[in-house]
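Below is the file final_18.tsv, which contains TSV, C-alpha atoms.
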```
chain	number	residue	atom	x	y	z
A	97	MET	CA	77.12	102.41	-29.58
A	98	GLY	CA	81.45	103.48	-31.09
A	99	ALA	CA	81.99	104.33	-34.41
A	100	VAL	CA	82.25	100.94	-35.95
A	101	SER	CA	79.48	98.66	-36.96
A	102	GLY	CA	79.72	94.93	-36.87
A	103	CYS	CA	77.58	91.90	-36.68
A	104	ALA	CA	74.95	90.88	-34.20
A	105	SER	CA	74.79	87.67	-32.29
A	106	SER	CA	72.40	84.94	-33.30
A	107	SER	CA	70.23	85.81	-30.29
A	108	GLY	CA	69.70	89.31	-31.63
A	109	GLU	CA	71.84	90.96	-28.98
A	110	ALA	CA	73.99	93.66	-30.52
A	111	ALA	CA	77.66	92.83	-31.03
A	112	TYR	CA	78.73	96.23	-32.33
A	113	SER	CA	79.36	99.62	-30.77
A	114	HIS	CA	77.43	102.87	-31.06
A	115	PRO	CA	78.70	106.29	-32.24
A	116	GLY	CA	79.04	108.88	-29.54
A	117	PRO	CA	78.79	110.17	-27.00
A	118	GLU	CA	76.79	113.22	-28.11
A	119	ASP	CA	75.10	115.97	-26.15
A	120	ASP	CA	71.31	116.05	-26.27
A	121	SER	CA	71.14	119.56	-24.82
A	122	GLY	CA	72.14	121.39	-27.97
A	123	PRO	CA	72.96	121.34	-31.67
A	124	VAL	CA	75.58	118.59	-31.60
A	125	ALA	CA	72.86	115.95	-31.09
A	126	SER	CA	71.50	116.66	-34.57
A	127	LEU	CA	74.81	116.67	-36.43
A	128	PRO	CA	75.17	114.05	-39.17
A	129	TYR	CA	77.45	111.13	-38.36
A	130	ARG	CA	79.02	108.38	-40.43
A	131	VAL	CA	79.20	104.63	-39.84
A	132	ASP	CA	80.83	102.29	-42.37
A	133	GLY	CA	80.81	104.95	-45.07
A	134	HIS	CA	77.13	105.80	-44.69
A	135	VAL	CA	76.15	109.25	-43.38
A	136	TYR	CA	73.10	109.42	-41.11
A	137	TYR	CA	71.15	112.65	-40.62
A	138	PRO	CA	69.30	112.85	-37.28
A	139	LEU	CA	65.80	114.28	-37.57
A	140	ARG	CA	65.18	117.78	-36.31
A	141	ASP	CA	61.46	117.16	-35.94
A	142	SER	CA	60.03	113.68	-35.33
A	143	SER	CA	56.36	114.74	-35.21
A	144	GLY	CA	54.15	112.08	-36.76
A	145	PHE	CA	57.06	109.66	-37.26
A	146	SER	CA	56.23	105.96	-37.61
A	147	GLN	CA	58.23	103.01	-38.88
A	148	GLU	CA	58.06	99.25	-39.28
A	149	GLY	CA	60.98	96.86	-39.18
A	150	ILE	CA	63.00	94.52	-37.02
A	151	ALA	CA	63.84	95.20	-33.37
A	152	SER	CA	66.89	93.72	-31.65
A	153	TRP	CA	68.36	94.30	-28.19
A	154	TYR	CA	71.70	94.91	-26.49
A	155	GLY	CA	72.71	94.20	-22.95
A	156	ARG	CA	75.60	93.21	-20.71
A	157	ASP	CA	78.49	94.01	-23.11
A	158	PHE	CA	77.48	97.69	-23.00
A	159	HIS	CA	76.24	97.94	-19.41
A	160	GLY	CA	77.93	100.85	-17.62
A	161	LYS	CA	79.41	102.29	-20.82
A	162	PRO	CA	78.45	105.67	-22.33
A	163	THR	CA	75.58	105.84	-24.79
A	164	SER	CA	75.67	108.19	-27.76
A	165	ASN	CA	74.10	111.05	-25.78
A	166	GLY	CA	76.67	110.67	-22.99
A	167	GLU	CA	74.49	108.83	-20.47
A	168	VAL	CA	75.75	105.70	-18.79
A	169	TYR	CA	73.96	102.73	-20.32
A	170	ASP	CA	71.78	100.87	-17.85
A	171	MET	CA	70.72	97.57	-19.41
A	172	TYR	CA	67.78	97.32	-16.98
A	173	SER	CA	66.26	100.67	-17.97
A	174	VAL	CA	63.63	101.04	-20.70
A	175	THR	CA	65.59	102.85	-23.40
A	176	ALA	CA	66.58	102.26	-27.01
A	177	ALA	CA	68.94	103.15	-29.84
A	178	HIS	CA	67.69	104.57	-33.13
A	179	LYS	CA	69.69	105.86	-36.08
A	180	THR	CA	67.95	109.21	-36.59
A	181	LEU	CA	65.30	110.00	-33.97
A	182	PRO	CA	66.24	112.90	-31.65
A	183	PHE	CA	67.53	111.99	-28.22
A	184	ASN	CA	64.89	111.79	-25.48
A	185	THR	CA	62.15	111.08	-28.02
A	186	ARG	CA	59.51	108.80	-26.50
A	187	VAL	CA	58.56	105.98	-28.84
A	188	GLN	CA	55.80	103.39	-28.59
A	189	VAL	CA	57.16	100.03	-29.75
A	190	THR	CA	54.55	97.40	-30.62
A	191	HIS	CA	55.40	93.73	-31.07
A	192	GLN	CA	53.61	92.78	-34.30
A	193	GLU	CA	53.26	89.12	-33.33
A	194	ASN	CA	52.05	89.21	-29.71
A	195	GLY	CA	50.53	92.70	-29.65
A	196	LYS	CA	52.54	93.90	-26.63
A	197	SER	CA	53.50	97.58	-26.52
A	198	ILE	CA	56.07	99.48	-24.48
A	199	ILE	CA	57.24	103.08	-24.40
A	200	VAL	CA	60.98	103.67	-24.65
A	201	ARG	CA	63.20	106.75	-24.57
A	202	ILE	CA	65.85	107.17	-27.27
A	203	ASN	CA	69.31	107.75	-25.79
A	204	ASP	CA	71.63	105.94	-28.22
A	205	ARG	CA	72.43	105.44	-31.91
A	206	GLY	CA	72.00	102.21	-33.88
A	207	PRO	CA	71.36	99.50	-34.87
A	208	PHE	CA	73.65	99.34	-37.90
A	209	VAL	CA	72.59	95.91	-39.10
A	210	GLY	CA	70.54	95.60	-42.28
A	211	GLY	CA	66.79	95.59	-41.77
A	212	ARG	CA	66.85	96.55	-38.08
A	213	VAL	CA	65.15	99.78	-37.06
A	214	ILE	CA	65.58	99.90	-33.27
A	215	ASP	CA	67.91	98.39	-30.68
A	216	LEU	CA	66.16	97.94	-27.33
A	217	SER	CA	67.82	97.87	-23.95
A	218	TYR	CA	67.69	94.53	-22.16
A	219	GLY	CA	65.00	95.90	-19.85
A	220	ALA	CA	62.85	97.06	-22.76
A	221	ALA	CA	63.33	93.78	-24.63
A	222	ARG	CA	62.30	91.82	-21.55
A	223	LYS	CA	59.09	93.84	-21.21
A	224	LEU	CA	58.34	93.28	-24.90
A	225	GLY	CA	59.07	89.57	-24.57
A	226	ILE	CA	61.87	89.17	-27.11
A	227	ILE	CA	64.88	88.14	-25.00
A	228	GLU	CA	64.77	84.52	-26.14
A	229	GLN	CA	63.45	85.32	-29.60
A	230	GLY	CA	66.23	87.87	-30.12
A	231	THR	CA	64.67	89.85	-32.94
A	232	THR	CA	61.07	90.53	-33.89
A	233	PRO	CA	59.02	92.68	-36.27
A	234	VAL	CA	57.76	95.85	-34.61
A	235	THR	CA	55.92	99.05	-35.32
A	236	LEU	CA	57.35	102.33	-34.00
A	237	ARG	CA	55.24	105.39	-33.30
A	238	VAL	CA	56.66	108.61	-31.86
A	239	LEU	CA	54.52	109.97	-29.06
A	240	ARG	CA	53.46	113.58	-29.28
A	241	GLU	CA	55.61	115.97	-27.29
A	242	LYS	CA	54.36	118.78	-25.14
A	243	SER	CA	54.44	122.15	-26.86
A	244	SER	CA	57.09	123.46	-24.44
A	245	ALA	CA	59.43	120.62	-25.42
A	246	LEU	CA	58.86	121.35	-29.11
A	247	ARG	CA	59.66	125.03	-28.61
A	248	ARG	CA	62.84	124.15	-26.69
A	249	ARG	CA	63.99	121.81	-29.47
A	250	ALA	CA	63.22	124.38	-32.16
A	251	ALA	CA	65.36	126.91	-30.31
A	252	THR	CA	68.39	124.61	-30.50
A	253	ARG	CA	68.08	123.43	-34.10
A	254	PRO	CA	71.49	123.40	-35.75
A	255	THR	CA	72.56	124.65	-39.12
A	256	ARG	CA	75.31	123.40	-41.37
A	257	GLN	CA	77.11	126.71	-40.88
A	258	GLY	CA	79.72	127.16	-38.21
A	259	ASN	CA	82.91	125.47	-37.08
A	260	PHE	CA	83.36	121.74	-36.59
A	261	ALA	CA	85.90	119.69	-34.67
A	262	VAL	CA	86.62	115.99	-34.32
A	263	GLN	CA	86.27	114.60	-30.83
A	264	VAL	CA	88.95	111.94	-30.46
A	265	GLY	CA	87.91	110.72	-27.04
A	266	VAL	CA	86.68	111.52	-23.55
A	267	PHE	CA	88.85	110.80	-20.52
A	268	ALA	CA	88.34	110.83	-16.78
A	269	ASN	CA	92.10	111.21	-16.19
A	270	PRO	CA	93.58	114.50	-17.49
A	271	SER	CA	97.03	112.92	-17.97
A	272	ASN	CA	95.52	110.41	-20.39
A	273	ALA	CA	93.84	113.24	-22.26
A	274	ARG	CA	97.17	115.07	-22.53
A	275	MET	CA	98.91	111.91	-23.78
A	276	VAL	CA	96.36	111.48	-26.58
A	277	SER	CA	96.30	115.19	-27.41
A	278	ARG	CA	100.07	115.16	-28.03
A	279	ARG	CA	99.52	112.67	-30.86
A	280	PHE	CA	97.49	115.14	-32.93
A	281	PRO	CA	98.53	118.56	-34.26
A	282	HIS	CA	96.03	121.36	-33.67
A	283	SER	CA	94.37	119.46	-30.83
A	284	ARG	CA	93.12	120.84	-27.55
A	285	ILE	CA	91.63	119.57	-24.30
A	286	GLN	CA	88.21	120.74	-23.21
A	287	PRO	CA	87.34	120.12	-19.53
A	288	VAL	CA	83.62	119.51	-18.99
A	289	GLN	CA	81.71	119.15	-15.74
A	290	GLN	CA	79.42	116.10	-16.03
A	291	ASN	CA	77.15	115.57	-13.04
A	292	ASP	CA	79.51	115.25	-10.06
A	293	ARG	CA	82.73	114.66	-11.98
A	294	LYS	CA	84.96	116.40	-14.49
A	295	ILE	CA	85.80	114.80	-17.83
A	296	TYR	CA	88.31	115.84	-20.47
A	297	LYS	CA	87.49	115.89	-24.18
A	298	VAL	CA	90.27	115.79	-26.75
A	299	LEU	CA	89.25	117.83	-29.82
A	300	VAL	CA	91.10	118.18	-33.12
A	301	GLY	CA	90.75	121.00	-35.60
A	302	ASN	CA	88.41	123.89	-36.26
A	303	PHE	CA	86.83	123.19	-39.64
A	304	SER	CA	84.34	125.47	-41.35
A	305	ASN	CA	83.34	122.71	-43.77
A	306	TYR	CA	81.57	119.58	-42.51
A	307	GLU	CA	82.93	117.38	-45.30
A	308	THR	CA	86.50	118.42	-44.41
A	309	ALA	CA	85.83	117.43	-40.83
A	310	LEU	CA	84.55	114.05	-42.04
A	311	GLY	CA	87.83	113.44	-43.86
A	312	HIS	CA	89.87	114.20	-40.74
A	313	MET	CA	87.57	112.00	-38.66
A	314	ASP	CA	88.25	109.09	-41.03
A	315	GLN	CA	92.01	109.58	-40.68
A	316	ILE	CA	91.76	109.68	-36.90
A	317	ARG	CA	89.72	106.48	-36.85
A	318	LEU	CA	92.33	104.79	-39.02
A	319	ARG	CA	94.83	105.55	-36.27
A	320	GLY	CA	92.82	103.43	-33.88
A	321	PHE	CA	90.40	105.92	-32.35
A	322	ASP	CA	87.24	104.23	-33.56
A	323	ARG	CA	84.94	106.33	-31.37
A	324	ALA	CA	85.98	109.65	-32.93
A	325	PHE	CA	83.06	111.74	-34.17
A	326	ILE	CA	82.24	115.30	-35.23
A	327	VAL	CA	81.06	118.01	-32.86
A	328	LEU	CA	80.41	121.72	-33.15
A	329	SER	CA	83.65	123.46	-32.28
A	330	PRO	CA	83.40	125.42	-29.00
```
Would you encode the structure as structure tokens?
Amino acid sequence: MGAVSGCASSSGEAAYSHPGPEDDSGPVASLPYRVDGHVYYPLRDSSGFSQEGIASWYGRDFHGKPTSNGEVYDMYSVTAAHKTLPFNTRVQVTHQENGKSIIVRINDRGPFVGGRVIDLSYGAARKLGIIEQGTTPVTLRVLREKSSALRRRAATRPTRQGNFAVQVGVFANPSNARMVSRRFPHSRIQPVQQNDRKIYKVLVGNFSNYETALGHMDQIRLRGFDRAFIVLSP
């Protein structure tokens, strides 16, 4: 969901954007991120994780837009946003009132509304039976991963050491990326092959201190780039 939080509609459908995109293939997916002054620390290991709270859902306003892990959001898929669970974690979501359970895959960040613990895709919310209700109390339980997946995740665990940059935006058109890059000193353009197309990331800085990078990210967001977030500097 972008880097700003907001309200949610009375139906429970999200009316705010998610931070991202991130990359679930490596360390950047576990970097802390900040929304409305609060820093969230994604879990490195979700084994045994469970949680109770309120579930909401988000749909058409985000359909076709990038999720926090860089996927294109499909409102009809069975996915969800969570503030700290690792991307691709499979979570059993149980409706506390009607007893229904579904299994979702985490591919986004949120919800950033008080008391809410998970933001379901429209497809997941429909299966759970909360489209009309909007929000509902749920229980979350992370499903056990195969040992090979655990070893792969352990191999990519990040540390707080290293260089950080602020990603200002991602562009399909290189001329747009160049136009934005010219607005920021010490910026660069990083071409990335994504599936069958090339995208262009605008990165600013090469900071050895995460807190310094946070300060620069805040300044960039004040200039109107609300989706800016911190990445490991290539």
Could you give me, as a tab-separated table, a per-residue list for segment 201-304 of chain A showing, wherever an atom lies at most 6 Å from an atom of segment 168-174 of chain A, the closest pair of atoms and their distance in Å to one decimal, using all atoms listed in the file and sorting by chain then residue number from low to high?
```
residue	atom	partner	partner_atom	distance
A:Ser217	CA	A:Met171	CA	5.4
A:Tyr218	CA	A:Met171	CA	5.1
A:Gly219	CA	A:Tyr172	CA	4.2
A:Ala220	CA	A:Val174	CA	4.5
```
Residue contacts of Val298 of chain A (9 Å, all atoms listed in the file) excluding same-chain residues fewer than 3 positions away, as a PyMOL selection string
chain A and resi 262-267+273-274+276-277+283-287
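Using only C-alpha atoms, the shortest contact distance between Ala324 of chain A and any of A:Leu236, A:Val131, A:Val189, A:Ile199 is found at A:Val131.
Nearest residue to Asn259 of chain A among A:Val238, A:Leu139, A:Val327, A:Met313 is A:Val327, counting only C-alpha atoms.
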May I ask which of the residues A:Ser142, A:Gln188, A:Asn272, A:Thr231 is the closest one to Tyr154 of chain A, counting all atoms listed in the file?
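So, comparing all the options, the nearest one is A:Thr231.
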Determine, counting all atoms listed in the file, every residue of protein, DNA or RNA that lies within 12 Å of (51.5, 97.7, -28.1) in the file coordinates, then give the result as a list in words.
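Every residue inside that radius is included here: Val187, Gln188, Val189, Thr190, His191, Gln192, Glu193, Asn194, Gly195, Lys196, Ser197, Ile198, Ile199, Val200, Lys223, Leu224, Gly225, Val234, Thr235, Leu236 and Arg237 of chain A.
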For atom CA of Phe183 of chain A and atom CA of Asn302 of chain A, the interatomic separation in Å (one decimal):
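Separation between atom CA of Phe183 of chain A and atom CA of Asn302 of chain A: 25.3 Å.
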At what distance in Å, to one decimal, does atom CA of Gln289 of chain A lie from atom CA of Pro207 of chain A?
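We find that atom CA of Pro207 of chain A and atom CA of Gln289 of chain A lie 29.3 Å from each other.
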What does the distance from atom CA of Phe321 of chain A to atom CA of Ile214 of chain A come to in Å, to one decimal?
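Answer for the atom CA of Phe321 of chain A to atom CA of Ile214 of chain A separation: 25.6 Å.
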With all atoms listed in the file as the atoms that count, which of A:Ser152, A:Thr163, A:Asn305, A:Ser271 lies nearest to Glu228 of chain A?
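The answer is A:Ser152, which sits nearest to Glu228 of chain A.
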Give me the residues within 9 Å of Ile202 of chain A as an MDAnalysis selection string, counting all atoms listed in the file and dropping any in the same chain fewer than 2 places off.
chainID A and resid 175:178 181:187 200 204:205
With distances taken over only C-alpha atoms, which of A:Thr232, A:Thr180, A:Asn165, A:Ser329 is nearest to Gly301 of chain A?
A:Ser329
Which residue is closest to Leu216 of chain A? Choose from A:Ala151, A:Lys161, A:Tyr296, A:Arg278 and count all atoms listed in the file.
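Between A:Ala151, A:Lys161, A:Tyr296, A:Arg278, the residue approaching Leu216 of chain A most closely is A:Ala151.
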